[in-house]
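One file, entry_8.txt, is given below (compact mmCIF, C-alpha atoms).
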# COMPACT_ATOMS: atom_id res chain seq x y z
CA MET A 1 8.88 -20.92 3.99
CA SER A 2 9.68 -23.24 6.88
CA ASN A 3 7.70 -26.36 7.61
CA VAL A 4 5.66 -26.29 10.79
CA THR A 5 4.36 -29.22 12.77
CA SER A 6 1.59 -27.41 14.58
CA THR A 7 -1.00 -25.04 13.21
CA ALA A 8 -0.59 -23.05 16.42
CA ASN A 9 2.74 -21.84 15.05
CA VAL A 10 1.33 -20.59 11.77
CA PRO A 11 0.82 -16.81 11.67
CA PRO A 12 -2.57 -15.65 10.37
CA LEU A 13 -0.94 -13.63 7.58
CA ARG A 14 1.95 -14.29 5.28
CA ALA A 15 3.33 -11.78 2.79
CA ALA A 16 5.81 -11.45 -0.03
CA ILE A 17 7.19 -8.26 -1.60
CA VAL A 18 7.48 -8.22 -5.39
CA PRO A 19 9.18 -5.10 -6.84
CA VAL A 20 7.53 -4.03 -10.11
CA THR A 21 7.92 -1.42 -12.86
CA PRO A 22 11.13 0.47 -13.67
CA LEU A 23 10.51 2.46 -10.46
CA GLN A 24 10.92 -0.71 -8.35
CA GLN A 25 7.63 -0.25 -6.56
CA ASN A 26 6.99 -2.74 -3.75
CA CYS A 27 3.87 -4.68 -4.68
CA THR A 28 2.80 -6.71 -1.64
CA LEU A 29 1.17 -10.11 -2.00
CA PHE A 30 -0.34 -11.26 1.27
CA TRP A 31 -2.63 -14.11 2.14
CA CYS A 32 -4.72 -15.58 4.91
CA THR A 33 -2.95 -18.77 5.99
CA LYS A 34 -6.22 -20.34 7.12
CA THR A 35 -8.19 -19.87 3.91
CA LYS A 36 -5.34 -19.34 1.41
CA LYS A 37 -7.19 -16.30 0.06
CA ALA A 38 -4.86 -13.53 -1.10
CA ALA A 39 -4.68 -9.91 -2.15
CA PHE A 40 -2.21 -7.85 -4.12
CA VAL A 41 -1.55 -4.36 -2.80
CA ASP A 42 -0.47 -1.98 -5.57
CA PRO A 43 0.09 -4.31 -8.54
CA GLY A 44 1.45 -1.52 -10.73
CA GLY A 45 2.94 -3.63 -13.51
CA ASP A 46 5.04 -6.65 -14.49
CA LEU A 47 1.94 -8.84 -14.40
CA PRO A 48 3.70 -12.10 -15.40
CA LYS A 49 6.03 -11.64 -12.43
CA LEU A 50 3.06 -11.09 -10.12
CA LYS A 51 1.16 -14.10 -11.43
CA ALA A 52 4.24 -16.27 -10.88
CA ALA A 53 4.51 -15.05 -7.28
CA LEU A 54 0.82 -15.82 -6.72
CA GLN A 55 1.23 -19.31 -8.12
CA GLN A 56 4.29 -19.92 -5.95
CA SER A 57 2.35 -18.90 -2.84
CA GLY A 58 -0.30 -21.50 -3.49
CA ALA A 59 -2.98 -18.95 -2.60
CA THR A 60 -6.02 -17.83 -4.58
CA LEU A 61 -6.40 -14.12 -5.34
CA GLU A 62 -9.55 -12.65 -3.80
CA LYS A 63 -9.06 -8.95 -4.52
CA ILE A 64 -6.70 -6.11 -5.36
CA LEU A 65 -6.07 -3.26 -2.89
CA ILE A 66 -4.72 0.14 -3.94
CA THR A 67 -3.01 2.68 -1.66
CA HIS A 68 -3.03 5.59 -4.13
CA GLY A 69 -3.42 6.51 -7.77
CA HIS A 70 0.17 6.87 -8.99
CA ILE A 71 1.02 4.81 -12.06
CA ASP A 72 3.78 2.69 -10.51
CA HIS A 73 1.27 1.57 -7.88
CA CYS A 74 -1.82 0.91 -10.00
CA GLY A 75 -1.04 1.35 -13.70
CA GLU A 76 -1.97 -2.23 -14.60
CA ALA A 77 -4.26 -2.98 -11.66
CA GLY A 78 -7.35 -2.71 -13.86
CA LYS A 79 -5.87 -5.09 -16.42
CA LEU A 80 -4.94 -7.64 -13.74
CA ALA A 81 -8.38 -7.41 -12.15
CA LYS A 82 -10.04 -8.16 -15.49
CA GLU A 83 -7.70 -11.04 -16.29
CA LEU A 84 -8.20 -12.72 -12.92
CA GLY A 85 -11.82 -11.71 -12.34
CA VAL A 86 -11.32 -10.00 -8.98
CA PRO A 87 -12.52 -6.65 -7.58
CA ILE A 88 -10.40 -3.59 -6.80
CA GLU A 89 -10.79 -1.80 -3.46
CA GLY A 90 -9.17 1.58 -2.84
CA PRO A 91 -7.87 4.15 -2.78
CA HIS A 92 -9.90 7.03 -1.28
CA GLU A 93 -11.97 8.81 -3.93
CA ASP A 94 -9.85 11.96 -3.64
CA ASP A 95 -7.37 10.13 -5.88
CA ARG A 96 -9.90 9.69 -8.68
CA PHE A 97 -8.14 12.38 -10.74
CA TRP A 98 -4.86 10.45 -10.56
CA ILE A 99 -6.48 7.24 -11.81
CA ALA A 100 -8.21 9.20 -14.58
CA ARG A 101 -4.82 10.21 -16.00
CA LEU A 102 -3.15 6.78 -15.94
CA ASP A 103 -3.14 6.54 -19.74
CA ASP A 104 -1.38 9.89 -20.08
CA ASP A 105 1.04 9.20 -17.22
CA GLY A 106 1.87 5.86 -18.81
CA ARG A 107 3.04 7.54 -21.96
CA GLN A 108 5.01 10.11 -19.97
CA TYR A 109 6.83 7.56 -17.81
CA GLY A 110 7.06 4.72 -20.32
CA ILE A 111 5.03 2.47 -18.03
CA ALA A 112 1.88 0.63 -19.05
CA GLY A 113 -1.14 2.47 -17.64
CA GLU A 114 -4.86 1.88 -17.98
CA VAL A 115 -7.70 3.86 -16.41
CA PHE A 116 -10.00 1.83 -14.17
CA GLU A 117 -12.87 2.34 -11.76
CA PRO A 118 -12.43 0.68 -8.36
CA ASP A 119 -15.28 -1.55 -7.22
CA ARG A 120 -15.06 0.21 -3.86
CA TRP A 121 -13.59 3.54 -2.85
CA LEU A 122 -12.32 3.48 0.72
CA VAL A 123 -12.68 5.97 3.55
CA HIS A 124 -10.88 6.35 6.87
CA GLY A 125 -12.08 3.95 9.55
CA GLU A 126 -13.43 1.31 7.19
CA GLN A 127 -12.07 -2.22 6.99
CA VAL A 128 -11.17 -4.58 4.17
CA THR A 129 -11.16 -8.36 4.42
CA VAL A 130 -9.02 -11.02 2.76
CA GLY A 131 -10.06 -14.52 3.72
CA GLU A 132 -10.50 -14.27 7.48
CA LEU A 133 -8.04 -11.36 7.79
CA VAL A 134 -9.47 -7.94 8.67
CA LEU A 135 -7.37 -4.86 7.89
CA ASP A 136 -8.07 -1.31 8.98
CA VAL A 137 -8.16 1.45 6.36
CA ILE A 138 -6.29 4.59 7.41
CA HIS A 139 -6.60 7.68 5.21
CA CYS A 140 -3.18 9.36 5.06
CA PRO A 141 -3.26 12.31 2.65
CA GLY A 142 -0.25 14.43 1.77
CA HIS A 143 1.64 12.50 -0.89
CA THR A 144 -1.68 12.29 -2.72
CA PRO A 145 -5.03 13.46 -1.32
CA GLY A 146 -6.62 10.02 -1.44
CA HIS A 147 -3.78 7.89 -0.12
CA VAL A 148 -4.73 5.07 2.26
CA VAL A 149 -2.74 2.69 4.44
CA PHE A 150 -3.71 -0.91 5.26
CA HIS A 151 -3.03 -2.09 8.82
CA HIS A 152 -3.33 -5.63 10.17
CA GLY A 153 -3.25 -5.24 13.93
CA PRO A 154 -2.68 -8.90 14.93
CA SER A 155 0.39 -9.10 12.67
CA LYS A 156 1.68 -5.64 13.64
CA LEU A 157 1.99 -4.93 9.92
CA ALA A 158 1.14 -1.83 7.88
CA ILE A 159 1.33 -1.46 4.12
CA VAL A 160 1.93 2.25 3.74
CA GLY A 161 2.51 2.99 0.05
CA ASP A 162 4.42 6.24 -0.38
CA VAL A 163 3.51 7.86 2.96
CA ILE A 164 6.75 6.96 4.74
CA PHE A 165 9.95 5.13 3.87
CA GLN A 166 12.97 3.96 5.79
CA GLY A 167 14.66 7.30 6.53
CA SER A 168 12.33 9.43 4.41
CA ILE A 169 8.75 10.42 3.60
CA GLY A 170 6.69 10.72 0.44
CA ARG A 171 7.06 13.61 -1.98
CA THR A 172 4.50 16.38 -1.63
CA ASP A 173 5.27 18.37 -4.80
CA PHE A 174 2.69 16.52 -6.90
CA PRO A 175 -0.74 18.04 -7.68
CA ARG A 176 -2.76 18.37 -4.45
CA GLY A 177 0.17 17.17 -2.34
CA ASN A 178 0.58 18.82 1.05
CA LEU A 179 3.52 18.49 3.44
CA GLN A 180 1.63 19.42 6.60
CA ASP A 181 -1.13 16.93 5.76
CA LEU A 182 1.52 14.24 5.35
CA LEU A 183 3.25 15.06 8.64
CA ASP A 184 -0.10 15.09 10.44
CA ALA A 185 -1.08 11.74 8.91
CA ILE A 186 2.18 10.13 9.99
CA THR A 187 2.24 11.48 13.53
CA GLN A 188 -1.49 11.38 14.28
CA ARG A 189 -2.58 8.25 12.42
CA LEU A 190 0.47 6.00 12.06
CA TRP A 191 2.53 6.59 15.22
CA PRO A 192 -0.40 5.63 17.51
CA LEU A 193 -0.44 2.16 15.91
CA GLY A 194 2.70 1.38 17.92
CA ASP A 195 6.48 1.52 17.65
CA ASP A 196 6.61 -2.23 17.02
CA VAL A 197 4.55 -2.08 13.82
CA THR A 198 6.59 -3.13 10.79
CA PHE A 199 5.72 -1.31 7.61
CA VAL A 200 6.14 -2.12 3.94
CA PRO A 201 6.78 1.10 2.01
CA GLY A 202 6.16 1.65 -1.68
CA HIS A 203 9.88 1.65 -2.38
CA GLY A 204 12.95 0.39 -0.57
CA PRO A 205 13.39 -1.73 2.57
CA THR A 206 10.88 -2.32 5.35
CA SER A 207 11.23 -0.63 8.73
CA ASN A 208 9.15 -0.06 11.85
CA PHE A 209 7.57 3.05 13.28
CA GLY A 210 9.74 3.06 16.41
CA HIS A 211 12.93 3.11 14.35
CA GLU A 212 11.63 5.97 12.21
CA ARG A 213 10.61 7.97 15.29
CA LYS A 214 14.26 7.82 16.36
CA THR A 215 16.10 8.15 13.06
CA ASN A 216 13.94 9.50 10.22
CA ALA A 217 15.35 12.78 8.91
CA PHE A 218 11.84 14.20 8.37
CA VAL A 219 9.58 12.81 11.09
CA ALA A 220 11.80 11.67 13.96
CA ASP A 221 10.45 12.97 17.27
CA ASP A 222 13.39 15.31 17.84
CA VAL A 223 13.24 16.61 14.26
CA LEU A 224 9.56 17.53 14.59
CA ALA A 225 10.10 19.02 18.05
CA ALA A 226 12.65 21.41 16.53
CA ARG A 227 10.37 22.63 13.73
As structure tokens, how would this structure be written, given the file I've shared?
Amino acid sequence: MSNVTSTANVPPLRAAIVPVTPLQQNCTLFWCTKTKKAAFVDPGGDLPKLKAALQQSGATLEKILITHGHIDHCGEAGKLAKELGVPIEGPHEDDRFWIARLDDDGRQYGIAGEVFEPDRWLVHGEQVTVGELVLDVIHCPGHTPGHVVFHHGPSKLAIVGDVIFQGSIGRTDFPRGNLQDLLDAITQRLWPLGDDVTFVPGHGPTSNFGHERKTNAFVADDVLAAR
């Protein structure tokens, strides 16, 4: 993190990506630079690693945000929330059945999983706050029915979970997955945010929507036009 001499040069949001679990899921730690209040998005596991990242940031955790109910994204979110005394917000309630099976999925995948009840289920069009940051909640079903995306307009940043990746999109062969729903969510709810929006996916490197509209093998404009 570079030193700055003027607060005018400090962005309102800073973020760090911390890969967790054997599936290398991108947990995002972001914080409000003005208040030093922070949130974890999808703290699926490796809690000591996450706590170390939080300490290094110098921020104070205010809440946990969840994009969807898959174990690599939220298996240990409930445990972390209890340990740190913070609330959980998200995902959309249509993913309740995924969260209800975290114990079973944990045994299946060899990843720690613990059922929890979010303090707040989220719906499309709502907002969440972290310090003075305000993020829009965008419901993007398809990978799971209750998947949500968090978008911070001033930073041109979206945290998209497993909706879209660099060069790919989320799987839709899970229970209640739907390919057309996913394509509609990407093209109707994410593309309008702007080509210059950088996104953090649930796995792999970051990208931006403009790049994916040109190059993504599943949702590039010319690919969809040829369907």
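Among the candidates A:Pro43, A:Gly110, A:Pro11, A:Gly146, the residue lying nearest to Val123 of chain A is A:Gly146 (atoms considered: only C-alpha atoms).
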Query - Long-range neighbours of His143 of chain A as a PyMOL selection string, 7 Å cut-off, only C-alpha atoms, 4 positions minimum in chain - result: chain A and resi 162-163+170-172+177-178+182
Requested in this report: Point out the residue among A:Val160, A:Val115, A:Val148, A:Leu47 with the least atom-to-atom distance to Glu83 of chain A, counting all atoms listed in the file.
Outcome: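 Among A:Val160, A:Val115, A:Val148, A:Leu47, it is A:Leu47 that comes nearest to Glu83 of chain A.
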Requested in this report: Go ahead and compute the interatomic distance for atom CA of Gln24 of chain A and atom CA of Gln108 of chain A, in Å to one decimal.
Outcome: 16.9 Å
Query raised in the report: Leaving out Gly131 of chain A and any residue of its chain fewer than 3 positions from it, which residues lie within 7 Å of it when counting all atoms listed in the file, given as a list in words?
Result: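 Surrounding residues, per the criterion: Cys32, Thr35 and Lys37 of chain A.
Computed from the coordinates, the atom CA of Leu23 of chain A to atom CA of His203 of chain A distance equals 8.1 Å.
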Query raised in the report: Of the candidates A:Leu61, A:Leu179, A:Val137, A:Val10, which shows the shortest atom-to-atom distance to Thr33 of chain A, using all atoms listed in the file?
Result: A:Val10
For Gly210 of chain A: contacts at 12 Å, only C-alpha atoms, fewer than 5 positions along chain excluded, given as a CSV table (one decimal) with C-alpha atoms, in the coordinates of the input:
chain,number,residue,atom,x,y,z
A,166,GLN,CA,13.0,4.0,5.8
A,167,GLY,CA,14.7,7.3,6.5
A,187,THR,CA,2.2,11.5,13.5
A,190,LEU,CA,0.5,6.0,12.1
A,191,TRP,CA,2.5,6.6,15.2
A,192,PRO,CA,-0.4,5.6,17.5
A,193,LEU,CA,-0.4,2.2,15.9
A,194,GLY,CA,2.7,1.4,17.9
A,195,ASP,CA,6.5,1.5,17.6
A,196,ASP,CA,6.6,-2.2,17.0
A,197,VAL,CA,4.6,-2.1,13.8
A,198,THR,CA,6.6,-3.1,10.8
A,199,PHE,CA,5.7,-1.3,7.6
A,215,THR,CA,16.1,8.2,13.1
A,216,ASN,CA,13.9,9.5,10.2
A,219,VAL,CA,9.6,12.8,11.1
A,220,ALA,CA,11.8,11.7,14.0
A,221,ASP,CA,10.4,13.0,17.3
**Report entry** Nearest candidate to Val20 of chain A (options A:Val223, A:Ile64, A:Ala112, A:Leu84; using only C-alpha atoms)
**Finding:**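 Of all the options, A:Ala112 lies closest to Val20 of chain A.
For the point (3.1, 2.9, -15.9), the residues with an atom at a distance of at most 8 Å are Thr21, Gly44, Gly45, Ile71, Asp72, Cys74, Gly75, Glu76, Leu102, Asp105, Gly106, Arg107, Tyr109, Gly110, Ile111, Ala112 and Gly113 of chain A, counting all atoms listed in the file.
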Write the residues of the selection above to a file with C-alpha atoms, as an mmCIF file, in the frame of the given file.
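New file again-v7.cif:
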data_model
loop_
_atom_site.group_PDB
_atom_site.id
_atom_site.type_symbol
_atom_site.label_atom_id
_atom_site.label_comp_id
_atom_site.auth_asym_id
_atom_site.auth_seq_id
_atom_site.Cartn_x
_atom_site.Cartn_y
_atom_site.Cartn_z
ATOM 1 C CA THR A 21 7.920 -1.420 -12.860
ATOM 2 C CA GLY A 44 1.450 -1.520 -10.730
ATOM 3 C CA GLY A 45 2.940 -3.630 -13.510
ATOM 4 C CA ILE A 71 1.020 4.810 -12.060
ATOM 5 C CA ASP A 72 3.780 2.690 -10.510
ATOM 6 C CA CYS A 74 -1.820 0.910 -10.000
ATOM 7 C CA GLY A 75 -1.040 1.350 -13.700
ATOM 8 C CA GLU A 76 -1.970 -2.230 -14.600
ATOM 9 C CA LEU A 102 -3.150 6.780 -15.940
ATOM 10 C CA ASP A 105 1.040 9.200 -17.220
ATOM 11 C CA GLY A 106 1.870 5.860 -18.810
ATOM 12 C CA ARG A 107 3.040 7.540 -21.960
ATOM 13 C CA TYR A 109 6.830 7.560 -17.810
ATOM 14 C CA GLY A 110 7.060 4.720 -20.320
ATOM 15 C CA ILE A 111 5.030 2.470 -18.030
ATOM 16 C CA ALA A 112 1.880 0.630 -19.050
ATOM 17 C CA GLY A 113 -1.140 2.470 -17.640
#
Report task. Have a look at A:Lys36, A:Lys156, A:Lys49, A:His147 and name the one nearest to Glu62 of chain A; count all atoms listed in the file. Result ->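 Closest candidate: A:Lys36.
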Query - Proximity to Glu126 of chain A - best of A:Ile99, A:Val86, A:Pro201, A:His92, all atoms listed in the file - result: A:His92
Query - Test item: residues at most 8 Å from Val130 of chain A, all atoms listed in the file, excluding those fewer than 2 positions along its chain, as number ranges by chain - result: A: 31-32, 37-39, 62-63, 128, 132-134
**Report entry** Coordinates-based distance that separates atom CA of Cys27 of chain A from atom CA of Ala185 of chain A (Å, one decimal)
**Finding:**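 So the answer is 21.9 Å.
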